>>> print(open('input.txt').read())   # compact mmCIF, C-alpha atoms
# COMPACT_ATOMS: atom_id res chain seq x y z
CA MET D 1084 -14.80 9.51 -10.18
CA SER D 1085 -13.02 9.45 -6.86
CA ASN D 1086 -12.61 13.24 -7.10
CA ILE D 1087 -16.27 13.51 -6.17
CA ILE D 1088 -15.47 11.53 -3.05
CA LYS D 1089 -12.46 13.66 -2.21
CA GLN D 1090 -14.56 16.80 -2.48
CA LYS D 1091 -17.12 15.46 -0.04
CA ILE D 1092 -14.51 14.66 2.64
CA ARG D 1093 -14.14 17.55 5.07
CA THR D 1094 -10.70 18.62 6.25
CA VAL D 1095 -10.60 19.84 9.84
CA PRO D 1096 -7.27 21.61 10.44
CA HIS D 1097 -5.37 21.09 13.69
CA TRP D 1098 -7.51 18.25 15.00
CA PRO D 1099 -7.02 16.33 17.24
CA LYS D 1100 -3.87 18.41 17.68
CA GLN D 1101 -1.86 21.26 16.16
CA GLY D 1102 -0.47 20.44 12.73
CA ILE D 1103 -2.80 17.55 11.91
CA MET D 1104 -5.17 17.96 8.95
CA PHE D 1105 -7.99 15.62 9.94
CA ARG D 1106 -9.85 14.02 7.03
CA ASP D 1107 -13.45 13.69 8.13
CA ILE D 1108 -15.62 11.19 6.24
CA THR D 1109 -18.83 12.08 8.10
CA THR D 1110 -19.60 14.69 5.41
CA LEU D 1111 -19.22 12.00 2.76
CA LEU D 1112 -21.36 9.45 4.61
CA LYS D 1113 -24.25 11.76 5.42
CA ASP D 1114 -24.52 12.63 1.72
CA SER D 1115 -26.61 9.88 0.12
CA GLU D 1116 -24.92 10.29 -3.27
CA GLY D 1117 -21.45 10.39 -1.79
CA PHE D 1118 -22.05 7.34 0.38
CA ASN D 1119 -23.65 5.40 -2.45
CA HIS D 1120 -20.89 6.31 -4.88
CA THR D 1121 -18.22 5.25 -2.36
CA VAL D 1122 -19.85 1.85 -1.95
CA ASP D 1123 -20.37 1.39 -5.69
CA LEU D 1124 -16.71 2.07 -6.46
CA LEU D 1125 -15.62 -0.46 -3.85
CA ILE D 1126 -18.13 -3.05 -5.07
CA GLU D 1127 -16.90 -2.56 -8.63
CA ARG D 1128 -13.45 -3.54 -7.40
CA TYR D 1129 -14.44 -6.50 -5.24
CA LYS D 1130 -17.48 -8.05 -6.92
CA ASP D 1131 -15.50 -10.56 -8.94
CA MET D 1132 -12.77 -11.35 -6.42
CA LYS D 1133 -12.89 -14.55 -4.43
CA ILE D 1134 -13.82 -13.32 -0.95
CA ASP D 1135 -15.44 -15.40 1.80
CA ILE D 1136 -15.96 -12.81 4.52
CA VAL D 1137 -15.42 -9.11 5.24
CA ALA D 1138 -13.70 -7.90 8.43
CA GLY D 1139 -14.01 -4.28 9.59
CA ILE D 1140 -11.88 -2.45 12.12
CA GLU D 1141 -13.69 -0.65 14.99
CA SER D 1142 -15.36 1.71 14.65
CA ARG D 1143 -15.40 3.53 11.32
CA GLY D 1144 -14.36 0.36 9.51
CA PHE D 1145 -17.71 -1.09 10.62
CA ILE D 1146 -19.54 1.38 8.39
CA THR D 1147 -18.15 0.58 4.95
CA GLY D 1148 -17.13 -2.94 6.01
CA ALA D 1149 -20.68 -3.96 6.87
CA VAL D 1150 -22.11 -2.43 3.71
CA LEU D 1151 -19.53 -4.20 1.53
CA ALA D 1152 -20.23 -7.50 3.25
CA HIS D 1153 -23.94 -7.07 2.66
CA ARG D 1154 -23.57 -6.03 -0.97
CA LEU D 1155 -21.24 -8.96 -1.64
CA GLY D 1156 -23.68 -11.35 0.05
CA LEU D 1157 -21.13 -12.23 2.75
CA GLY D 1158 -20.89 -12.26 6.52
CA PHE D 1159 -19.23 -9.49 8.53
CA VAL D 1160 -16.60 -9.80 11.27
CA PRO D 1161 -15.88 -6.95 13.69
CA ILE D 1162 -12.27 -6.49 14.78
CA ARG D 1163 -12.57 -4.67 18.08
CA LYS D 1164 -10.81 -2.83 20.85
CA PRO D 1165 -9.92 -4.95 23.89
CA GLY D 1166 -12.64 -6.17 26.22
CA LYS D 1167 -15.55 -5.74 23.81
CA LEU D 1168 -15.91 -9.27 22.41
CA PRO D 1169 -17.56 -11.74 24.79
CA ALA D 1170 -16.34 -15.12 23.52
CA GLU D 1171 -12.82 -16.51 23.07
CA THR D 1172 -10.56 -14.06 21.23
CA VAL D 1173 -7.07 -13.71 19.83
CA SER D 1174 -5.42 -10.34 20.20
CA GLU D 1175 -2.57 -8.45 18.63
CA GLU D 1176 -0.64 -5.51 19.99
CA TYR D 1177 0.46 -2.52 17.93
CA GLU D 1178 2.47 0.58 18.63
CA LEU D 1179 1.05 4.03 19.15
CA GLU D 1180 2.98 7.28 19.20
CA TYR D 1181 3.26 6.76 22.95
CA GLY D 1182 2.83 3.20 24.23
CA THR D 1183 0.88 0.36 22.69
CA ASP D 1184 -2.70 -0.65 22.02
CA LYS D 1185 -4.42 -3.92 21.19
CA ILE D 1186 -7.15 -5.23 18.93
CA GLU D 1187 -9.07 -8.49 19.15
CA VAL D 1188 -11.19 -10.82 17.10
CA HIS D 1189 -13.26 -13.86 18.05
CA THR D 1190 -11.32 -17.07 17.38
CA ASP D 1191 -14.37 -18.57 15.67
CA ALA D 1192 -14.88 -15.52 13.47
CA ILE D 1193 -12.63 -16.63 10.62
CA GLN D 1194 -12.37 -20.13 9.22
CA LYS D 1195 -9.03 -21.64 8.26
CA GLY D 1196 -8.36 -20.89 4.60
CA ALA D 1197 -10.98 -18.13 4.40
CA GLN D 1198 -10.35 -15.31 1.93
CA VAL D 1199 -10.84 -12.16 4.02
CA LEU D 1200 -11.35 -8.60 2.82
CA LEU D 1201 -10.11 -6.19 5.51
CA VAL D 1202 -11.84 -2.80 5.65
CA ASP D 1203 -11.18 0.45 7.46
CA ASP D 1204 -11.98 4.04 6.61
CA LEU D 1205 -8.44 5.39 6.53
CA ILE D 1206 -4.83 4.28 6.56
CA ALA D 1207 -2.28 6.48 8.30
CA THR D 1208 0.62 4.67 10.05
CA GLY D 1209 -0.92 1.30 9.19
CA GLY D 1210 -0.32 0.03 12.71
CA THR D 1211 -3.90 -1.04 13.38
CA ALA D 1212 -4.36 -2.48 9.90
CA LEU D 1213 -1.17 -4.52 10.14
CA ALA D 1214 -2.25 -5.86 13.54
CA ALA D 1215 -5.61 -6.77 11.99
CA CYS D 1216 -3.86 -8.57 9.11
CA ASN D 1217 -1.78 -10.48 11.65
CA LEU D 1218 -4.93 -11.49 13.55
CA ILE D 1219 -6.56 -12.80 10.39
CA THR D 1220 -3.38 -14.69 9.51
CA LYS D 1221 -3.15 -16.14 13.05
CA LEU D 1222 -6.61 -17.66 12.56
CA GLY D 1223 -5.56 -19.23 9.25
CA GLY D 1224 -7.33 -16.70 7.06
CA HIS D 1225 -5.83 -15.08 3.98
CA VAL D 1226 -6.08 -11.29 3.61
CA VAL D 1227 -7.27 -10.70 0.05
CA GLU D 1228 -6.68 -6.97 0.34
CA CYS D 1229 -6.72 -4.13 2.88
CA SER D 1230 -9.31 -1.66 1.64
CA PHE D 1231 -9.61 1.98 2.71
CA ILE D 1232 -11.52 5.03 1.60
CA ILE D 1233 -8.53 7.29 2.36
CA ASP D 1234 -4.78 6.76 2.20
CA LEU D 1235 -2.67 9.39 3.99
CA ILE D 1236 0.17 8.33 1.76
CA ASP D 1237 2.99 10.37 3.29
CA ILE D 1238 2.58 8.73 6.70
CA GLY D 1239 3.70 5.46 5.18
CA GLY D 1240 1.08 2.92 6.22
CA LYS D 1241 0.55 1.58 2.72
CA LYS D 1242 4.27 0.88 2.37
CA LYS D 1243 4.35 -0.78 5.79
CA LEU D 1244 1.51 -3.15 4.85
CA MET D 1245 2.97 -3.91 1.43
CA ASP D 1246 6.40 -4.57 2.93
CA ALA D 1247 4.70 -7.13 5.16
CA GLY D 1248 3.24 -8.81 2.06
CA PHE D 1249 -0.32 -7.45 2.10
CA LYS D 1250 -2.21 -5.81 -0.76
CA VAL D 1251 -3.56 -2.32 -0.20
CA PHE D 1252 -6.24 -0.31 -1.98
CA SER D 1253 -7.70 3.12 -1.29
CA LEU D 1254 -10.28 5.18 -3.15
CA VAL D 1255 -8.56 8.51 -2.56
CA VAL D 1256 -5.12 9.69 -1.52
CA PHE D 1257 -4.27 12.76 0.54
CA GLU D 1258 -0.71 14.05 0.66
CA GLY D 1259 0.88 15.68 3.69
CA GLU D 1260 0.18 14.74 7.27
CA MET I 222 -38.86 -15.58 10.57
CA SER I 223 -37.10 -13.79 13.40
CA ASN I 224 -36.66 -17.15 15.15
CA ILE I 225 -33.88 -17.85 12.68
CA ILE I 226 -32.23 -14.66 13.84
CA LYS I 227 -32.67 -15.54 17.50
CA GLN I 228 -31.06 -18.93 16.92
CA LYS I 229 -28.01 -17.33 15.33
CA ILE I 230 -27.41 -14.97 18.27
CA ARG I 231 -24.96 -16.49 20.74
CA THR I 232 -25.60 -16.19 24.45
CA VAL I 233 -22.46 -15.83 26.57
CA PRO I 234 -23.34 -16.42 30.22
CA HIS I 235 -21.82 -14.25 32.94
CA TRP I 236 -20.26 -11.67 30.63
CA PRO I 237 -19.12 -8.99 31.19
CA LYS I 238 -19.99 -9.95 34.77
CA GLN I 239 -21.63 -12.61 36.90
CA GLY I 240 -25.36 -12.94 36.27
CA ILE I 241 -25.45 -11.22 32.87
CA MET I 242 -26.50 -13.29 29.85
CA PHE I 243 -24.71 -11.46 27.07
CA ARG I 244 -26.46 -11.62 23.68
CA ASP I 245 -23.70 -11.69 21.07
CA ILE I 246 -24.65 -10.71 17.53
CA THR I 247 -21.22 -11.51 16.04
CA THR I 248 -22.40 -15.06 15.31
CA LEU I 249 -25.39 -13.63 13.43
CA LEU I 250 -23.32 -11.12 11.46
CA LYS I 251 -20.60 -13.51 10.35
CA ASP I 252 -23.27 -15.82 8.92
CA SER I 253 -24.09 -14.47 5.45
CA GLU I 254 -27.66 -15.80 5.56
CA GLY I 255 -28.26 -14.52 9.06
CA PHE I 256 -26.87 -11.07 8.27
CA ASN I 257 -28.78 -10.84 5.01
CA HIS I 258 -32.02 -11.98 6.60
CA THR I 259 -31.63 -9.42 9.40
CA VAL I 260 -31.20 -6.61 6.90
CA ASP I 261 -34.08 -7.81 4.71
CA LEU I 262 -36.50 -7.89 7.63
CA LEU I 263 -35.52 -4.36 8.62
CA ILE I 264 -35.76 -3.12 5.04
CA GLU I 265 -39.20 -4.69 4.72
CA ARG I 266 -40.26 -2.54 7.67
CA TYR I 267 -38.65 0.73 6.59
CA LYS I 268 -38.76 0.74 2.81
CA ASP I 269 -42.03 2.65 2.56
CA MET I 270 -41.61 4.95 5.54
CA LYS I 271 -40.66 8.57 5.02
CA ILE I 272 -37.04 8.64 6.21
CA ASP I 273 -34.42 11.22 5.24
CA ILE I 274 -31.33 9.88 6.98
CA VAL I 275 -30.19 7.00 9.22
CA ALA I 276 -28.24 7.57 12.44
CA GLY I 277 -26.29 4.74 14.09
CA ILE I 278 -24.97 4.60 17.64
CA GLU I 279 -21.26 3.73 18.10
CA SER I 280 -20.08 1.09 17.54
CA ARG I 281 -22.39 -1.86 16.79
CA GLY I 282 -25.12 0.50 15.62
CA PHE I 283 -22.77 1.47 12.79
CA ILE I 284 -23.05 -2.03 11.35
CA THR I 285 -26.78 -2.36 10.70
CA GLY I 286 -27.25 1.42 10.58
CA ALA I 287 -24.88 1.86 7.65
CA VAL I 288 -26.36 -1.09 5.76
CA LEU I 289 -29.91 0.21 6.24
CA ALA I 290 -28.89 3.69 5.09
CA HIS I 291 -27.28 2.21 1.99
CA ARG I 292 -30.21 -0.06 1.17
CA LEU I 293 -32.67 2.80 1.62
CA GLY I 294 -30.54 5.06 -0.60
CA LEU I 295 -29.89 7.48 2.26
CA GLY I 296 -26.94 9.04 4.04
CA PHE I 297 -25.56 7.77 7.34
CA VAL I 298 -24.81 9.74 10.52
CA PRO I 299 -22.58 8.32 13.26
CA ILE I 300 -23.51 9.17 16.85
CA ARG I 301 -20.24 8.79 18.72
CA LYS I 302 -18.52 8.65 22.06
CA PRO I 303 -17.00 11.95 23.24
CA GLY I 304 -13.90 13.33 21.52
CA LYS I 305 -14.23 11.32 18.31
CA LEU I 306 -15.97 13.82 16.02
CA PRO I 307 -13.71 16.58 14.70
CA ALA I 308 -16.16 19.37 13.82
CA GLU I 309 -18.73 21.23 15.93
CA THR I 310 -20.87 18.85 17.97
CA VAL I 311 -23.81 18.77 20.35
CA SER I 312 -23.62 16.29 23.18
CA GLU I 313 -25.99 14.64 25.61
CA GLU I 314 -25.24 13.01 28.93
CA TYR I 315 -26.81 9.78 30.12
CA GLU I 316 -26.64 7.75 33.28
CA LEU I 317 -24.66 4.57 33.73
CA GLU I 318 -24.91 2.14 36.61
CA TYR I 319 -22.11 4.16 38.21
CA GLY I 320 -21.67 7.74 37.01
CA THR I 321 -22.52 9.20 33.62
CA ASP I 322 -21.37 9.02 30.02
CA LYS I 323 -21.90 11.20 26.97
CA ILE I 324 -22.57 10.85 23.26
CA GLU I 325 -22.10 13.40 20.51
CA VAL I 326 -23.17 14.18 16.98
CA HIS I 327 -21.98 16.78 14.51
CA THR I 328 -24.29 19.82 14.55
CA ASP I 329 -24.40 19.78 10.74
CA ALA I 330 -25.23 16.06 10.59
CA ILE I 331 -28.99 16.44 10.78
CA GLN I 332 -31.07 19.07 9.01
CA LYS I 333 -33.99 20.80 10.72
CA GLY I 334 -37.13 18.81 10.01
CA ALA I 335 -35.27 15.68 8.90
CA GLN I 336 -36.99 12.35 9.47
CA VAL I 337 -34.33 10.27 11.21
CA LEU I 338 -34.23 6.50 11.70
CA LEU I 339 -32.14 5.71 14.80
CA VAL I 340 -30.35 2.35 14.79
CA ASP I 341 -28.48 0.33 17.39
CA ASP I 342 -27.94 -3.38 17.80
CA LEU I 343 -29.59 -3.81 21.17
CA ILE I 344 -31.74 -1.98 23.71
CA ALA I 345 -31.18 -2.67 27.40
CA THR I 346 -31.71 0.28 29.78
CA GLY I 347 -32.35 2.58 26.82
CA GLY I 348 -30.07 5.26 28.29
CA THR I 349 -27.87 5.67 25.23
CA ALA I 350 -30.79 5.45 22.80
CA LEU I 351 -32.76 8.10 24.71
CA ALA I 352 -29.71 10.38 24.74
CA ALA I 353 -29.39 9.81 20.97
CA CYS I 354 -33.08 10.67 20.47
CA ASN I 355 -32.56 13.85 22.48
CA LEU I 356 -29.54 14.79 20.33
CA ILE I 357 -31.56 14.33 17.14
CA THR I 358 -34.40 16.38 18.62
CA LYS I 359 -31.97 19.14 19.71
CA LEU I 360 -30.87 19.52 16.10
CA GLY I 361 -34.48 19.83 14.93
CA GLY I 362 -34.73 16.29 13.57
CA HIS I 363 -37.68 13.97 14.12
CA VAL I 364 -37.00 10.41 15.26
CA VAL I 365 -39.15 8.20 13.02
CA GLU I 366 -38.35 5.11 15.10
CA CYS I 367 -35.61 3.60 17.27
CA SER I 368 -34.69 0.32 15.63
CA PHE I 369 -32.84 -2.55 17.25
CA ILE I 370 -32.03 -6.14 16.46
CA ILE I 371 -32.50 -7.18 20.10
CA ASP I 372 -34.74 -5.91 22.89
CA LEU I 373 -33.81 -7.07 26.40
CA ILE I 374 -37.40 -6.36 27.35
CA ASP I 375 -37.18 -6.93 31.11
CA ILE I 376 -34.54 -4.22 31.57
CA GLY I 377 -37.13 -1.66 30.54
CA GLY I 378 -35.45 0.41 27.83
CA LYS I 379 -38.33 0.13 25.39
CA LYS I 380 -40.76 1.45 27.99
CA LYS I 381 -38.38 4.30 28.84
CA LEU I 382 -38.18 5.38 25.19
CA MET I 383 -41.92 5.02 24.64
CA ASP I 384 -42.69 6.99 27.81
CA ALA I 385 -40.52 9.75 26.35
CA GLY I 386 -42.66 9.71 23.19
CA PHE I 387 -40.42 7.70 20.84
CA LYS I 388 -41.37 4.68 18.74
CA VAL I 389 -39.41 1.48 19.26
CA PHE I 390 -38.97 -1.62 17.11
CA SER I 391 -36.85 -4.73 17.58
CA LEU I 392 -36.52 -7.89 15.51
CA VAL I 393 -36.20 -10.22 18.49
CA VAL I 394 -36.94 -10.08 22.20
CA PHE I 395 -35.01 -11.79 24.97
CA GLU I 396 -36.51 -12.09 28.41
CA GLY I 397 -34.55 -12.02 31.65
CA GLU I 398 -31.46 -9.91 32.22
>>> encode(input="input.txt", output="C-alpha cells")
Amino acid sequence: MSNIIKQKIRTVPHWPKQGIMFRDITTLLKDSEGFNHTVDLLIERYKDMKIDIVAGIESRGFITGAVLAHRLGLGFVPIRKPGKLPAETVSEEYELEYGTDKIEVHTDAIQKGAQVLLVDDLIATGGTALAACNLITKLGGHVVECSFIIDLIDIGGKKKLMDAGFKVFSLVVFEGE
Amino acid sequence: MSNIIKQKIRTVPHWPKQGIMFRDITTLLKDSEGFNHTVDLLIERYKDMKIDIVAGIESRGFITGAVLAHRLGLGFVPIRKPGKLPAETVSEEYELEYGTDKIEVHTDAIQKGAQVLLVDDLIATGGTALAACNLITKLGGHVVECSFIIDLIDIGGKKKLMDAGFKVFSLVVFEGE
C-alpha cells in the first residue's frame, strides 16, 4: 500500500547540498490518487483514536495536518516559525546543524488535557518535532502521536522522539541520508 | 452564514505594527465547527466548477488549499517562498512596501491547459496572489478563481486582481486597514 506512496515521492539528489538525497512530496501531493491515498491511510490509523485537535508544523505539516483535522472533524492548530503568530505565544528552541531556531504556538491554541495529534511531512533529526511536542506539553496537552509521511530513519529522529517518551508513526521509510 | 466565520476570526490590533488590525484565522481553524463550516462553504462554491488542481500559497494558503484539493478529489500544488522547492522552478517577483519578494512553483506542477483554483487565506494588496496567478499562467495553466477566506477590501487587492483579468472570491470582507 505505502509502496505506491513511496513511488510517487521524487528524490532530488544533492539538494539542498552535496550528499543529501532530498525526498520531495510535491510529486505525491499533485497526484490526486497519491494525495488521496496518503490521507486515507492516515485516516485509517487515526479514525478510532481519541484525538481532540490536530497540530501541524509550518509549512509542509500544514498540508496533511489540515486535511487530517478536517477529515477527523477536528480543529487545526498551526505551529509556526517565530514572529508569525499575532496573539500570545509560547516558544521552544531547537538545535540546527549550526546555531538554533525556534517555533511558536498560540497559548490559547491547545486546551489543558487535550489529546493532540502532531503532524509534519517528514522526520529527519526530529529537532523540530521534539520542540513541537514540548510546546504541546507546556500548554498541558498530551501528544497522542507524531505522524509523518516520511521517516528518514538513519538520521535518528524517530529514536530521539521515542527516547523522550513520544509515539511516532510514518507511512514510508527511506534509508540513508 | 459567513457571519459565523467572521465572528470566529480574531482581530489583533496594532500587529505586526501600529495601526494594523490583524485578522487572525487561527481562532477559526482551531474551532472544529468554524473550520468545517469554512470548508463546506468553499466546497459548495467549487464542487461543480471544472477544476483540475488546487494551488495554495505558502504558508496559510496550504491549510485551506490542501483541504479543498482533498475534498474535490484533486491534487495539491504548493506555491512557495524562494529556495524551498528542490526541482526546476519558475519564479515571479512582486513588490513589498519596501523592496521586492519572490514566489516559486515547480515547472512540472501544473500541466498546460490545467484549470487551477488558487487559494490563500487572505487578500490584502494582492501582490502575492497576482504573482501566483502569473506563475500559473506562465506554465500554461488557467486560473479558474482566486479564493480567499478574508478580503481586506479597502487595501485594493481584489481590484488589482480583477483589473488583471482574474476572478476573485472571498468568504468574508473586512473594511478598513
>>> closest_residue(input="input.txt", among="D:Phe1159, D:Asp1131, D:Ile1092, D:Ile1126", to="chain I", atoms="only C-alpha atoms")
D:Phe1159
>>> residues_around(input="input.txt", residues="I:Ile274", least_positions_apart="4", cutoff="7 Å", atoms="all atoms listed in the file", output="list in words")
Ala290, Leu295, Gly296, Phe297, Gln336, Val337 and Leu338 of chain I
>>> closest_atom_pairs(input="input.txt", of="chain I", to="chain D", cutoff="6 Å", atoms="only C-alpha atoms", output="Markdown table")
| residue | atom | partner | partner_atom | distance |
| --- | --- | --- | --- | --- |
| I:Leu250 | CA | D:Phe1159 | CA | 5.3 |
| I:Lys251 | CA | D:Gly1158 | CA | 4.0 |
| I:Asp252 | CA | D:Gly1158 | CA | 4.9 |
| I:Ser253 | CA | D:Gly1158 | CA | 4.0 |
| I:Ser280 | CA | D:Ser1142 | CA | 5.6 |
| I:Phe283 | CA | D:Ile1146 | CA | 5.5 |
| I:Ile284 | CA | D:Ala1149 | CA | 5.4 |
| I:Ala287 | CA | D:Ile1146 | CA | 5.4 |
| I:Val288 | CA | D:Val1150 | CA | 4.9 |
| I:Leu295 | CA | D:Ser1115 | CA | 4.6 |
| I:Gly296 | CA | D:Ser1115 | CA | 4.0 |
| I:Phe297 | CA | D:Lys1113 | CA | 4.6 |
| I:Val298 | CA | D:Lys1113 | CA | 5.5 |
>>> residues_around(input="input.txt", residues="stretch 1236-1252 of chain D", least_positions_apart="2", cutoff="8 Å", atoms="all atoms listed in the file", output="JSON, numbers by chain")
{"D": [1206, 1207, 1208, 1209, 1210, 1212, 1213, 1216, 1226, 1227, 1228, 1229, 1230, 1231, 1234, 1254, 1256, 1257, 1258, 1259, 1260]}
>>> atom_distance(input="input.txt", atom1="atom CA of D:Gln1090", atom2="atom CA of I:Ser312")
27.2 Å
>>> atom_distance(input="input.txt", atom1="atom CA of I:Thr310", atom2="atom CA of D:Glu1178")
29.6 Å
>>> residues_around(input="input.txt", residues="I:Lys302", least_positions_apart="6", cutoff="8 Å", atoms="all atoms listed in the file", output="MDAnalysis selection string")
chainID I and resid 279 323:325
>>> atom_distance(input="input.txt", atom1="atom CA of I:Lys333", atom2="atom CA of I:Leu356")
12.2 Å
>>> closest_residue(input="input.txt", among="I:Lys271, I:Ile241, I:Asn224, I:Gln332", to="I:Gly362", atoms="only C-alpha atoms")
I:Gln332
>>> decode(input="input.txt", residues="stretch 1090-1099 of chain D", atoms="all heavy atoms", output="PDB file, in the first residue's frame")
ATOM      1  N   GLN D1090       6.675   5.353  -4.313  1.00  0.00           N
ATOM      2  CA  GLN D1090       6.979   5.543  -5.742  1.00  0.00           C
ATOM      3  C   GLN D1090       6.641   6.948  -6.235  1.00  0.00           C
ATOM      4  O   GLN D1090       7.249   7.428  -7.188  1.00  0.00           O
ATOM      5  CB  GLN D1090       6.180   4.539  -6.582  1.00  0.00           C
ATOM      6  CG  GLN D1090       6.741   3.125  -6.529  1.00  0.00           C
ATOM      7  CD  GLN D1090       5.706   2.093  -6.959  1.00  0.00           C
ATOM      8  OE1 GLN D1090       4.669   2.439  -7.527  1.00  0.00           O
ATOM      9  NE2 GLN D1090       5.976   0.829  -6.670  1.00  0.00           N
ATOM     10  N   LYS D1091       5.674   7.576  -5.599  1.00  0.00           N
ATOM     11  CA  LYS D1091       5.251   8.893  -6.071  1.00  0.00           C
ATOM     12  C   LYS D1091       6.061  10.033  -5.436  1.00  0.00           C
ATOM     13  O   LYS D1091       5.868  11.200  -5.766  1.00  0.00           O
ATOM     14  CB  LYS D1091       3.754   9.097  -5.816  1.00  0.00           C
ATOM     15  CG  LYS D1091       2.882   8.236  -6.734  1.00  0.00           C
ATOM     16  CD  LYS D1091       1.413   8.480  -6.488  1.00  0.00           C
ATOM     17  CE  LYS D1091       0.532   7.464  -7.197  1.00  0.00           C
ATOM     18  NZ  LYS D1091       0.439   7.665  -8.655  1.00  0.00           N
ATOM     19  N   ILE D1092       6.934   9.699  -4.479  1.00  0.00           N
ATOM     20  CA  ILE D1092       7.815  10.709  -3.886  1.00  0.00           C
ATOM     21  C   ILE D1092       9.065  10.811  -4.752  1.00  0.00           C
ATOM     22  O   ILE D1092       9.694   9.806  -5.061  1.00  0.00           O
ATOM     23  CB  ILE D1092       8.177  10.310  -2.435  1.00  0.00           C
ATOM     24  CG1 ILE D1092       6.916  10.344  -1.563  1.00  0.00           C
ATOM     25  CG2 ILE D1092       9.269  11.224  -1.879  1.00  0.00           C
ATOM     26  CD1 ILE D1092       7.085   9.725  -0.190  1.00  0.00           C
ATOM     27  N   ARG D1093       9.380  12.035  -5.144  1.00  0.00           N
ATOM     28  CA  ARG D1093      10.551  12.248  -6.009  1.00  0.00           C
ATOM     29  C   ARG D1093      11.803  12.414  -5.161  1.00  0.00           C
ATOM     30  O   ARG D1093      11.770  13.099  -4.140  1.00  0.00           O
ATOM     31  CB  ARG D1093      10.306  13.510  -6.833  1.00  0.00           C
ATOM     32  CG  ARG D1093      11.561  14.081  -7.501  1.00  0.00           C
ATOM     33  CD  ARG D1093      11.221  15.111  -8.562  1.00  0.00           C
ATOM     34  NE  ARG D1093      10.371  16.195  -8.091  1.00  0.00           N
ATOM     35  CZ  ARG D1093       9.807  17.087  -8.900  1.00  0.00           C
ATOM     36  NH1 ARG D1093       9.988  17.022 -10.209  1.00  0.00           N
ATOM     37  NH2 ARG D1093       9.044  18.046  -8.413  1.00  0.00           N
ATOM     38  N   THR D1094      12.893  11.801  -5.591  1.00  0.00           N
ATOM     39  CA  THR D1094      14.167  12.022  -4.909  1.00  0.00           C
ATOM     40  C   THR D1094      15.014  12.978  -5.742  1.00  0.00           C
ATOM     41  O   THR D1094      15.247  12.736  -6.925  1.00  0.00           O
ATOM     42  CB  THR D1094      14.906  10.693  -4.704  1.00  0.00           C
ATOM     43  OG1 THR D1094      14.114   9.876  -3.839  1.00  0.00           O
ATOM     44  CG2 THR D1094      16.259  10.930  -4.060  1.00  0.00           C
ATOM     45  N   VAL D1095      15.407  14.087  -5.123  1.00  0.00           N
ATOM     46  CA  VAL D1095      16.261  15.067  -5.801  1.00  0.00           C
ATOM     47  C   VAL D1095      17.654  14.941  -5.188  1.00  0.00           C
ATOM     48  O   VAL D1095      17.852  15.311  -4.028  1.00  0.00           O
ATOM     49  CB  VAL D1095      15.716  16.498  -5.630  1.00  0.00           C
ATOM     50  CG1 VAL D1095      16.596  17.506  -6.372  1.00  0.00           C
ATOM     51  CG2 VAL D1095      14.269  16.586  -6.118  1.00  0.00           C
ATOM     52  N   PRO D1096      18.620  14.410  -5.934  1.00  0.00           N
ATOM     53  CA  PRO D1096      19.949  14.196  -5.351  1.00  0.00           C
ATOM     54  C   PRO D1096      20.681  15.514  -5.134  1.00  0.00           C
ATOM     55  O   PRO D1096      20.513  16.463  -5.911  1.00  0.00           O
ATOM     56  CB  PRO D1096      20.679  13.353  -6.404  1.00  0.00           C
ATOM     57  CG  PRO D1096      19.719  13.106  -7.511  1.00  0.00           C
ATOM     58  CD  PRO D1096      18.544  14.001  -7.341  1.00  0.00           C
ATOM     59  N   HIS D1097      21.471  15.559  -4.085  1.00  0.00           N
ATOM     60  CA  HIS D1097      22.344  16.706  -3.797  1.00  0.00           C
ATOM     61  C   HIS D1097      21.578  18.015  -3.646  1.00  0.00           C
ATOM     62  O   HIS D1097      21.969  19.041  -4.178  1.00  0.00           O
ATOM     63  CB  HIS D1097      23.431  16.842  -4.867  1.00  0.00           C
ATOM     64  CG  HIS D1097      24.177  15.560  -5.078  1.00  0.00           C
ATOM     65  ND1 HIS D1097      24.805  14.893  -4.055  1.00  0.00           N
ATOM     66  CD2 HIS D1097      24.353  14.789  -6.192  1.00  0.00           C
ATOM     67  CE1 HIS D1097      25.360  13.775  -4.529  1.00  0.00           C
ATOM     68  NE2 HIS D1097      25.087  13.687  -5.807  1.00  0.00           N
ATOM     69  N   TRP D1098      20.469  17.959  -2.952  1.00  0.00           N
ATOM     70  CA  TRP D1098      19.706  19.183  -2.668  1.00  0.00           C
ATOM     71  C   TRP D1098      19.244  19.122  -1.225  1.00  0.00           C
ATOM     72  O   TRP D1098      18.767  18.085  -0.775  1.00  0.00           O
ATOM     73  CB  TRP D1098      18.489  19.290  -3.613  1.00  0.00           C
ATOM     74  CG  TRP D1098      17.907  20.669  -3.633  1.00  0.00           C
ATOM     75  CD1 TRP D1098      18.239  21.684  -4.474  1.00  0.00           C
ATOM     76  CD2 TRP D1098      16.920  21.212  -2.732  1.00  0.00           C
ATOM     77  NE1 TRP D1098      17.525  22.808  -4.161  1.00  0.00           N
ATOM     78  CE2 TRP D1098      16.706  22.556  -3.096  1.00  0.00           C
ATOM     79  CE3 TRP D1098      16.207  20.697  -1.642  1.00  0.00           C
ATOM     80  CZ2 TRP D1098      15.810  23.390  -2.425  1.00  0.00           C
ATOM     81  CZ3 TRP D1098      15.315  21.536  -0.971  1.00  0.00           C
ATOM     82  CH2 TRP D1098      15.130  22.861  -1.362  1.00  0.00           C
ATOM     83  N   PRO D1099      19.360  20.171  -0.414  1.00  0.00           N
ATOM     84  CA  PRO D1099      19.902  21.492  -0.783  1.00  0.00           C
ATOM     85  C   PRO D1099      21.425  21.549  -0.814  1.00  0.00           C
ATOM     86  O   PRO D1099      21.964  22.587  -1.155  1.00  0.00           O
ATOM     87  CB  PRO D1099      19.355  22.395   0.332  1.00  0.00           C
ATOM     88  CG  PRO D1099      19.164  21.501   1.511  1.00  0.00           C
ATOM     89  CD  PRO D1099      18.844  20.153   0.974  1.00  0.00           C
TER      90      PRO D1099
END
